[in-house]
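Source file: data_18.cif (mmCIF, C-alpha atoms)
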```
data_query
loop_
_atom_site.label_atom_id
_atom_site.label_comp_id
_atom_site.auth_asym_id
_atom_site.auth_seq_id
_atom_site.Cartn_x
_atom_site.Cartn_y
_atom_site.Cartn_z
CA MET A 1 112.79 132.73 94.69
CA GLU A 2 109.39 134.06 95.57
CA ASN A 3 106.60 132.11 97.18
CA THR A 4 108.75 129.78 99.27
CA ASN A 5 107.93 128.35 102.65
CA GLU A 6 109.43 125.78 104.98
CA MET A 7 108.30 123.60 107.82
CA GLU A 8 109.96 121.13 110.15
CA LEU A 9 108.30 118.64 112.44
CA ILE A 10 110.06 116.30 114.85
CA PHE A 11 108.01 113.61 116.50
CA ASP A 12 108.26 110.25 118.31
CA SER A 13 108.18 107.10 116.19
CA SER A 14 104.84 106.06 117.63
CA PRO A 15 102.09 104.75 115.31
CA VAL A 16 99.61 107.37 116.58
CA ASN A 17 101.82 110.06 115.05
CA GLU A 18 101.34 108.73 111.50
CA GLY A 19 98.02 110.54 111.26
CA LEU A 20 99.58 113.70 112.64
CA ALA A 21 102.37 113.63 110.06
CA ARG A 22 100.17 113.17 107.00
CA VAL A 23 97.57 115.73 108.07
CA THR A 24 100.29 118.28 108.84
CA VAL A 25 101.78 117.89 105.35
CA ALA A 26 98.32 118.09 103.79
CA ALA A 27 97.53 121.30 105.70
CA PHE A 28 100.91 122.76 104.78
CA CYS A 29 100.42 122.18 101.05
CA THR A 30 96.99 123.88 100.88
CA GLN A 31 98.91 127.11 100.11
CA LEU A 32 99.42 125.69 96.62
CA ASN A 33 95.68 125.08 96.07
CA PRO A 34 95.98 121.33 95.48
CA THR A 35 93.13 119.18 94.20
CA LEU A 36 91.58 116.57 96.50
CA GLU A 37 93.40 113.88 94.53
CA GLU A 38 96.77 115.55 95.00
CA VAL A 39 96.15 115.83 98.75
CA ALA A 40 95.20 112.13 98.94
CA ASP A 41 98.35 111.14 97.02
CA LEU A 42 100.52 113.23 99.31
CA LYS A 43 98.94 111.84 102.46
CA THR A 44 99.47 108.25 101.32
CA ALA A 45 103.12 108.86 100.40
CA VAL A 46 103.91 110.58 103.72
CA SER A 47 102.11 107.83 105.61
CA GLU A 48 104.21 105.17 103.84
CA ALA A 49 107.49 106.94 104.62
CA VAL A 50 106.62 107.46 108.29
CA THR A 51 105.32 103.89 108.68
CA ASN A 52 108.64 102.63 107.26
CA CYS A 53 110.54 104.59 109.94
CA ILE A 54 108.36 103.20 112.73
CA ILE A 55 108.25 99.56 111.65
CA HIS A 56 111.55 99.02 109.88
CA ALA A 57 114.02 101.73 110.93
CA TYR A 58 113.27 101.75 114.66
CA GLU A 59 111.57 98.35 114.86
CA GLY A 60 109.11 99.48 117.51
CA LYS A 61 111.57 101.50 119.62
CA VAL A 62 110.51 105.07 120.30
CA CYS A 63 112.99 107.51 118.73
CA LYS A 64 112.65 110.73 116.77
CA ILE A 65 111.52 111.13 113.17
CA ARG A 66 112.23 114.40 111.40
CA LEU A 67 109.84 115.57 108.70
CA THR A 68 110.82 118.58 106.60
CA CYS A 69 108.62 120.24 103.97
CA ARG A 70 109.63 122.93 101.53
CA LEU A 71 107.41 124.80 99.12
CA ALA A 72 108.83 126.57 96.11
CA GLU A 73 106.87 127.78 93.11
CA LYS A 74 104.48 124.94 92.36
CA ALA A 75 106.39 122.08 93.94
CA LEU A 76 106.48 120.53 97.38
CA TRP A 77 109.53 118.72 98.71
CA VAL A 78 109.09 116.36 101.63
CA ASP A 79 112.01 114.77 103.47
CA VAL A 80 111.52 112.06 106.07
CA GLU A 81 114.60 111.28 108.13
CA ASP A 82 115.36 108.68 110.78
CA GLN A 83 118.43 107.46 112.68
CA GLY A 84 117.43 103.82 112.53
CA VAL A 85 118.92 100.60 111.20
CA GLY A 86 119.35 101.79 107.60
CA ILE A 87 118.78 99.85 104.37
CA SER A 88 121.57 97.64 102.97
CA ASP A 89 120.07 97.10 99.52
CA ILE A 90 117.94 100.10 98.53
CA ARG A 91 117.09 98.75 95.08
CA GLN A 92 115.70 95.52 96.54
CA ALA A 93 113.81 97.43 99.25
CA MET A 94 112.08 99.50 96.58
CA GLU A 95 110.88 96.50 94.59
CA PRO A 96 107.11 95.95 94.67
CA LEU A 97 106.04 93.27 97.16
CA PHE A 98 109.50 92.98 98.72
CA THR A 99 109.27 93.03 102.49
CA THR A 100 111.45 91.91 105.37
CA LYS A 101 108.41 91.48 107.62
CA PRO A 102 105.82 89.31 105.82
CA GLU A 103 104.78 87.76 109.16
CA LYS A 104 103.48 91.17 110.27
CA ASP A 105 101.26 91.39 107.17
CA ARG A 106 103.35 94.06 105.55
CA SER A 107 102.49 94.27 101.87
CA GLY A 108 105.89 95.44 100.57
CA MET A 109 104.13 98.21 98.66
CA GLY A 110 105.46 101.20 100.66
CA PHE A 111 108.10 102.49 98.25
CA THR A 112 105.97 101.49 95.26
CA PHE A 113 103.13 103.70 96.51
CA MET A 114 105.55 106.56 97.21
CA GLU A 115 106.90 106.33 93.65
CA ALA A 116 103.40 106.08 92.18
CA PHE A 117 102.02 109.08 94.05
CA MET A 118 105.01 111.44 94.01
CA ASP A 119 106.94 112.83 91.05
CA GLU A 120 110.36 112.04 92.49
CA VAL A 121 111.52 109.68 95.23
CA LYS A 122 115.16 109.43 96.30
CA VAL A 123 116.43 107.29 99.15
CA GLU A 124 119.73 107.77 100.96
CA SER A 125 120.67 105.24 103.58
CA GLN A 126 123.60 104.03 105.64
CA VAL A 127 123.37 100.80 107.57
CA GLY A 128 123.36 101.54 111.29
CA LYS A 129 123.17 105.30 110.74
CA GLY A 130 119.72 105.94 109.29
CA THR A 131 117.73 106.74 106.19
CA ILE A 132 116.47 109.87 104.44
CA VAL A 133 113.62 109.68 101.94
CA HIS A 134 113.41 112.72 99.65
CA MET A 135 110.14 113.18 97.79
CA LYS A 136 108.94 115.86 95.40
CA LYS A 137 105.49 116.55 94.04
CA VAL A 138 104.41 119.22 91.57
CA ILE A 139 101.03 120.65 92.57
CA GLY A 140 98.52 122.15 90.14
CA ARG A 141 99.92 120.96 86.86
CA MET B 142 86.63 130.71 81.64
CA ASN B 143 84.69 132.22 84.51
CA TRP B 144 83.24 128.93 85.70
CA LYS B 145 86.71 127.48 86.04
CA ILE B 146 87.74 130.08 88.60
CA THR B 147 84.69 129.58 90.78
CA ASP B 148 85.10 125.85 90.51
CA HIS B 149 88.66 126.15 91.73
CA CYS B 150 87.65 128.31 94.70
CA GLU B 151 85.01 125.84 95.79
CA ASN B 152 87.50 123.05 95.46
CA THR B 153 89.98 124.83 97.73
CA LYS B 154 87.28 125.43 100.30
CA GLU B 155 86.38 121.76 100.18
CA ILE B 156 89.99 120.77 100.76
CA HIS B 157 90.29 123.11 103.71
CA ILE B 158 87.21 121.60 105.27
CA GLU B 159 88.46 118.08 104.55
CA ILE B 160 91.81 118.81 106.19
CA TRP B 161 90.34 120.40 109.30
CA VAL B 162 87.93 117.52 109.61
CA SER B 163 90.77 115.02 109.38
CA LEU B 164 92.82 117.06 111.87
CA PHE B 165 89.87 116.84 114.21
CA PHE B 166 89.71 113.07 113.75
CA VAL B 167 93.43 112.74 114.44
CA ILE B 168 93.07 114.66 117.70
CA LEU B 169 90.05 112.53 118.53
CA SER B 170 91.79 109.23 117.79
CA VAL B 171 94.92 110.22 119.73
CA GLY B 172 92.80 110.89 122.78
CA GLN B 173 90.74 107.77 122.31
CA LYS B 174 91.64 104.24 123.25
CA GLN B 175 92.38 102.16 120.14
CA GLY B 176 89.69 99.59 120.86
CA ASP B 177 86.86 102.08 121.26
CA TYR B 178 86.13 102.76 117.61
CA MET B 179 86.26 99.06 116.81
CA LYS B 180 82.79 98.45 118.25
CA ASN B 181 80.27 97.28 115.67
CA ARG B 182 82.99 96.98 113.07
CA PHE B 183 82.37 93.27 112.62
CA GLU B 184 79.19 91.62 111.47
CA ILE B 185 78.67 87.90 110.97
CA GLN B 186 75.88 86.59 108.75
CA GLY B 187 75.99 82.85 108.26
CA ASN B 188 79.50 82.06 107.10
CA CYS B 189 80.15 85.58 105.86
CA LEU B 190 82.09 88.12 107.90
CA THR B 191 81.60 91.79 107.04
CA VAL B 192 84.18 94.28 108.28
CA HIS B 193 83.08 97.92 108.25
CA LEU B 194 86.41 99.67 107.86
CA PRO B 195 87.10 102.90 109.76
CA ARG B 196 87.63 106.32 108.24
CA GLU B 197 91.37 105.89 108.04
CA VAL B 198 92.87 102.45 107.43
CA ASP B 199 96.47 103.15 108.44
CA HIS B 200 99.05 101.11 110.34
CA PRO B 201 97.47 101.17 113.85
CA ALA B 202 93.94 100.65 112.48
CA ALA B 203 95.05 97.77 110.21
CA ASP B 204 96.80 96.04 113.15
CA GLU B 205 93.65 96.26 115.24
CA ILE B 206 91.41 94.89 112.46
CA ARG B 207 93.89 92.07 111.85
CA ARG B 208 93.87 91.04 115.53
CA GLU B 209 90.10 91.21 115.86
CA SER B 210 89.32 89.43 112.58
CA ASP B 211 91.83 86.65 113.33
CA ASN B 212 90.01 86.10 116.62
CA ILE B 213 86.69 85.82 114.79
CA LEU B 214 88.13 83.54 112.09
CA ARG B 215 89.43 81.20 114.80
CA LYS B 216 86.10 80.94 116.60
CA ASN B 217 83.68 80.88 113.64
CA TYR B 218 83.34 79.07 110.36
CA ILE B 219 83.83 81.86 107.83
CA ARG B 220 83.96 81.27 104.08
CA THR B 221 83.73 84.83 102.76
CA MET B 222 85.05 88.09 104.09
CA VAL B 223 83.60 91.41 102.95
CA PHE B 224 85.49 94.66 103.47
CA ASP B 225 83.15 97.63 103.48
CA PHE B 226 85.02 100.79 102.43
CA SER B 227 82.01 103.12 102.38
CA GLU B 228 83.28 105.19 105.34
CA THR B 229 86.93 105.04 104.36
CA MET B 230 88.62 108.22 103.17
CA PHE B 231 92.22 107.13 103.58
CA MET B 232 94.21 103.92 103.23
CA ASP B 233 97.89 103.10 102.78
CA SER B 234 99.96 99.95 102.22
CA SER B 235 99.18 98.75 105.77
CA GLY B 236 95.57 98.29 104.67
CA ILE B 237 96.70 96.45 101.54
CA GLY B 238 98.90 94.19 103.70
CA MET B 239 95.95 93.52 105.98
CA ILE B 240 93.78 92.41 103.01
CA MET B 241 96.60 90.23 101.62
CA GLY B 242 97.06 88.64 105.04
CA ARG B 243 93.33 87.85 105.35
CA TYR B 244 93.43 86.28 101.89
CA ARG B 245 96.26 84.03 103.10
CA ALA B 246 94.40 83.29 106.34
CA MET B 247 91.31 82.25 104.34
CA GLY B 248 93.38 79.67 102.46
CA MET B 249 93.80 81.73 99.27
CA ARG B 250 90.57 80.41 97.79
CA GLY B 251 88.90 82.21 94.90
CA ASN B 252 86.04 84.59 95.77
CA CYS B 253 86.81 84.48 99.49
CA ILE B 254 87.44 88.24 99.74
CA ARG B 255 85.01 90.87 98.55
CA VAL B 256 85.13 94.66 98.83
CA THR B 257 82.22 97.11 98.71
CA GLY B 258 81.80 100.87 98.73
CA VAL B 259 85.17 101.56 97.12
CA SER B 260 85.95 105.13 96.05
CA VAL B 261 88.06 105.98 93.01
CA TYR B 262 91.03 106.48 95.32
CA ILE B 263 90.67 103.11 97.09
CA GLU B 264 90.24 101.38 93.75
CA LYS B 265 93.46 103.00 92.54
CA LEU B 266 95.30 101.50 95.54
CA LEU B 267 93.78 98.05 94.93
CA HIS B 268 94.90 98.16 91.31
CA LEU B 269 98.38 99.52 92.00
CA SER B 270 99.07 96.78 94.52
CA GLY B 271 97.66 93.97 92.39
CA VAL B 272 95.21 93.04 95.16
CA TYR B 273 92.31 93.38 92.69
CA LYS B 274 93.41 90.08 91.11
CA PHE B 275 92.04 88.03 94.01
CA VAL B 276 89.51 90.47 95.38
CA GLU B 277 86.01 90.79 94.00
CA ILE B 278 84.91 94.44 93.77
CA CYS B 279 81.16 94.75 94.34
CA ARG B 280 79.52 97.93 93.06
CA GLU B 281 76.23 97.75 94.95
CA ALA B 282 76.22 98.44 98.66
#
```

Hey, can you dump this file as structure tokens for me?
Amino acid sequence: MENTNEMELIFDSSPVNEGLARVTVAAFCTQLNPTLEEVADLKTAVSEAVTNCIIHAYEGKVCKIRLTCRLAEKALWVDVEDQGVGISDIRQAMEPLFTTKPEKDRSGMGFTFMEAFMDEVKVESQVGKGTIVHMKKVIGR
Amino acid sequence: MNWKITDHCENTKEIHIEIWVSLFFVILSVGQKQGDYMKNRFEIQGNCLTVHLPREVDHPAADEIRRESDNILRKNYIRTMVFDFSETMFMDSSGIGMIMGRYRAMGMRGNCIRVTGVSVYIEKLLHLSGVYKFVEICREA
């Protein structure tokens, strides 16, 4: 495979790092000459995944989040991994407007936005062990 | 076909600038105290509260706006809330949750929430989340 590239970023689950995560992914994907719209979509999806780790997986505790990006041909894969509480019912969690924290003004749109802005979203989770969100986006269609 | 190539190059340049600018803002906001950029965000005229949203409406920014606007709603008689998106380049589901929460706080009346200065991207988010059903989108500034 020609034209491949990889990146890994490990950071604390602090809300200030959300901006860091999405801008890093955006800068990484410029190699594929994305449009402004594609960059905006990517930033929103990454932001959703990282916010989920901070608010739901670690529930405010400071632990590590691992963000991995891989470029191949015209596609970008982004994996966001945490060792938090895990999700017991993934299908329910991915439903629009479903949230476990309505009192904190969470909209329940996180996974919906990820699915809308990325081409593929897969979630693997084990209760008590953690969650991995795999996302793929084709750039420059 | 020539124009297409130049167009693409300019687009890439634009994206590079956009990403470095946002990287700069991330560094700036990490170094800055959260409350600092909240000055002059809120404007009260009669019983209308206008919130000038920051450049990036993500999880930390949405929390701050929620706290501040709840304070104002408690102390003042407010019938309409206007969210001004003219400076906003980025928003995620935290921003959507913040708008939904304000709608609930305002008693879920019709026409109590208005948005101005929305870009194509922000409008896409409002539509995807269904928020546009209770929010009035004003075209003029």

By how many Å are atom CA of A:Glu120 and atom CA of A:Val133 apart?
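Between atom CA of A:Glu120 and atom CA of A:Val133 the gap works out to 10.3 Å.
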
Care to translate the PyMOL selection byres ((chain B) within 8 of (chain A)) into actual residues of this file, as a PyMOL selection string?
chain B and resi 152-153+156-157+160+163-164+167+171+199-201+231-235+237-239+241-242+262+269-270

Evaluate the PyMOL selection byres ((chain B and resi 274-276) around 9) on the structure here and hand back the selected residues as an NGL selection string.
:B and (240 or 244 or 249-256 or 267-268 or 271-273 or 277-278)

Given the file shown, determine the residues that the PyMOL selection byres ((chain A and resi 140) around 7) selects; report them as JSON, numbers by chain.
{"A": [34, 74, 138, 139, 141]}

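Reported to one decimal place, the separation of atom CA of A:Thr68 from atom CA of A:Leu9 is 6.4 Å.
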
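Note that the spacing between atom CA of A:Gly130 and atom CA of A:Leu76 amounts to 23.0 Å.
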
What's around B:Leu194 at 8 Å? Count all atoms listed in the file, leave out sequence neighbours fewer than 4 positions away in its own chain, and write the answer as a ChimeraX atom specification.
/B:182,198,224-229

List the neighbours of A:Glu81 out to 9 Å using only C-alpha atoms; skip same-chain residues closer than 2 positions along the sequence, and give me the result as a count of residues only.
14

Of the candidates B:Ala246, B:Leu190, B:Val223, B:Met230, which one gets nearest to B:Asp211 if we count only C-alpha atoms?
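Comparing B:Ala246, B:Leu190, B:Val223, B:Met230 against B:Asp211, the winner is B:Ala246.
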